[in-house]
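Peer 1: What follows is a single structure, and I will ask about it in a moment.
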Amino acid sequence: MKKGIAILLALTVIGLCACGDKDAQKEEKKAEAAAVVEEELEEVDMTPPNNQAFDWNGEYLDSTGGQAILTISPNTKRNKGYEILIYIPGGEGSFSTWSCTATYDDGVGGLHYEDCVRTNMDTSETGGVETAYQKGTGVIIPSGDGSDTLLWIDDQERRGVDLRFERMEEE
């Protein structure tokens with residue numbers, strides 16, 4: 001019996017040592033993987049694109065559903081920046097608009113806005129206008145170099161996450 005217990009203890013110690021080796025091996029593999037990821041991130045250029053010369057003015061239609069419209073025009077009140085209006089229908093007799101003033105931001109390579117106002121409008125018989133919020137923030141950026149497709153990154157409610165605004169042809 002003592003021999004059996006001694007063998008059992010010896011096997012337990014060997015098992016624990018083997019687990020310790022496995023844990024050490026796992027930690028070593030994790031460290032190697034982290035080093036590879038860090039090296040790959042160093043190779044990625046994280047510099048925002050310079051889109052200052054981009055022609056922002058115009059009307060854009062959402063290519064994913066074809067109903068949302070983005071309009072960007074020069075800010076005539078301040079002679080600086082852009083007026084932005086986003087229109088999204090909400091169903092029968094209702095729609096929402098987002099309106100704000102934006103300026104070009106080198107840090108993101110796009111138009112940054114603050115104090116965006118979202119308004120919900122009901123044009124049915126009951127009618128009504130509701131201001132959903134007034135302090136929205138976000139950016140509008142081109143989807144890539146030379147692209148006329150704009151992405152809307154809405155910090156307030158992430159409403160623009162599935163929209164892709166393509167420049168509409170001028171008539």
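Ordering of the structure tokens sets the chain letters (A, B, ...); residue numbers start at 1 within each chain; ligands are numbered from 1 in the order shown.
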What's the 9 Å shell around segment 76-85 of chain A, counting only C-alpha atoms, without same-chain residues fewer than 3 positions away, as an mmCIF file with C-alpha atoms, in the first residue's frame?

Peer 2:
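To be explicit, this is the file written out as out_34.cif:
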```cif
data_model
loop_
_atom_site.group_PDB
_atom_site.id
_atom_site.type_symbol
_atom_site.label_atom_id
_atom_site.label_comp_id
_atom_site.auth_asym_id
_atom_site.auth_seq_id
_atom_site.Cartn_x
_atom_site.Cartn_y
_atom_site.Cartn_z
ATOM 1 C CA TRP A 56 -16.546 67.809 -50.323
ATOM 2 C CA ASN A 57 -19.391 69.890 -51.786
ATOM 3 C CA ILE A 69 -29.125 61.523 -48.661
ATOM 4 C CA LEU A 70 -26.082 63.507 -47.519
ATOM 5 C CA THR A 71 -25.693 67.121 -48.629
ATOM 6 C CA ILE A 72 -22.472 69.059 -48.053
ATOM 7 C CA SER A 73 -22.250 72.746 -48.927
ATOM 8 C CA THR A 97 -32.492 64.808 -40.330
ATOM 9 C CA TRP A 98 -29.070 65.513 -38.887
ATOM 10 C CA SER A 99 -27.738 69.042 -39.404
ATOM 11 C CA CYS A 100 -24.424 70.493 -38.354
ATOM 12 C CA THR A 101 -21.433 72.585 -39.311
ATOM 13 C CA ALA A 102 -18.129 70.813 -39.908
ATOM 14 C CA THR A 103 -14.525 71.763 -40.503
ATOM 15 C CA TYR A 104 -11.692 69.789 -42.034
ATOM 16 C CA LEU A 111 -14.816 66.630 -41.816
ATOM 17 C CA TYR A 113 -18.526 68.095 -36.580
#
```

Peer 1: In Å, how far is it from atom CA of Asn120 of chain A to atom CA of Pro74 of chain A?

Peer 2: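 Rounded to one decimal, the two atoms are 24.4 Å apart.
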
Peer 1: For segment 140-151 of chain A, work out the shell of residues within 7 Å, counting only C-alpha atoms and skipping chain neighbours fewer than 2 positions away, then give it as a PyMOL selection string.

Peer 2: chain A and resi 109-112+153+163-167

Peer 1: Please, what distance in Å, to one decimal, runs between atom CA of Pro48 of chain A and atom CA of Gly136 of chain A?

Peer 2: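 Atom CA of Gly136 of chain A lies at a distance of 22.5 Å from atom CA of Pro48 of chain A.
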
Peer 1: Choose the residue, out of A:Ala53, A:Glu32, A:Gln67, A:Val161, that has the smallest atom-to-atom separation from Asp106 of chain A; count only C-alpha atoms.

Peer 2: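 Checking each candidate against Asp106 of chain A, we get A:Ala53 as the closest.
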
Peer 1: Go ahead and compute the interatomic distance for atom CA of Ile88 of chain A and atom CA of Ala68 of chain A, in Å to one decimal.

Peer 2: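 Atom CA of Ala68 of chain A lies at a distance of 4.5 Å from atom CA of Ile88 of chain A.
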
Peer 1: Taking only C-alpha atoms into account, name the residue in A:Asn75, A:Phe95, A:Gly90, A:Asp105 that is nearest to Asn51 of chain A.

Peer 2: A:Asp105

Peer 1: I need the residues of segment 10-163 of chain A that end up classed as strand (DSSP E or B) by DSSP on the backbone, written out as an NGL selection string.

Peer 2: :A and (58-62 or 69-74 or 82-91 or 94-105 or 110-122 or 128-142 or 149-154)

Peer 1: Of the candidates A:Gly128, A:Glu170, A:Lys26, A:Thr137, which one gets nearest to Glu157 of chain A if we count only C-alpha atoms?

Peer 2: A:Thr137

Peer 1: My list of candidates is A:Val129, A:Val108, A:Val117, A:Asp122. Which is closest to Asn50 of chain A when distances are computed with only C-alpha atoms?

Peer 2: A:Val108
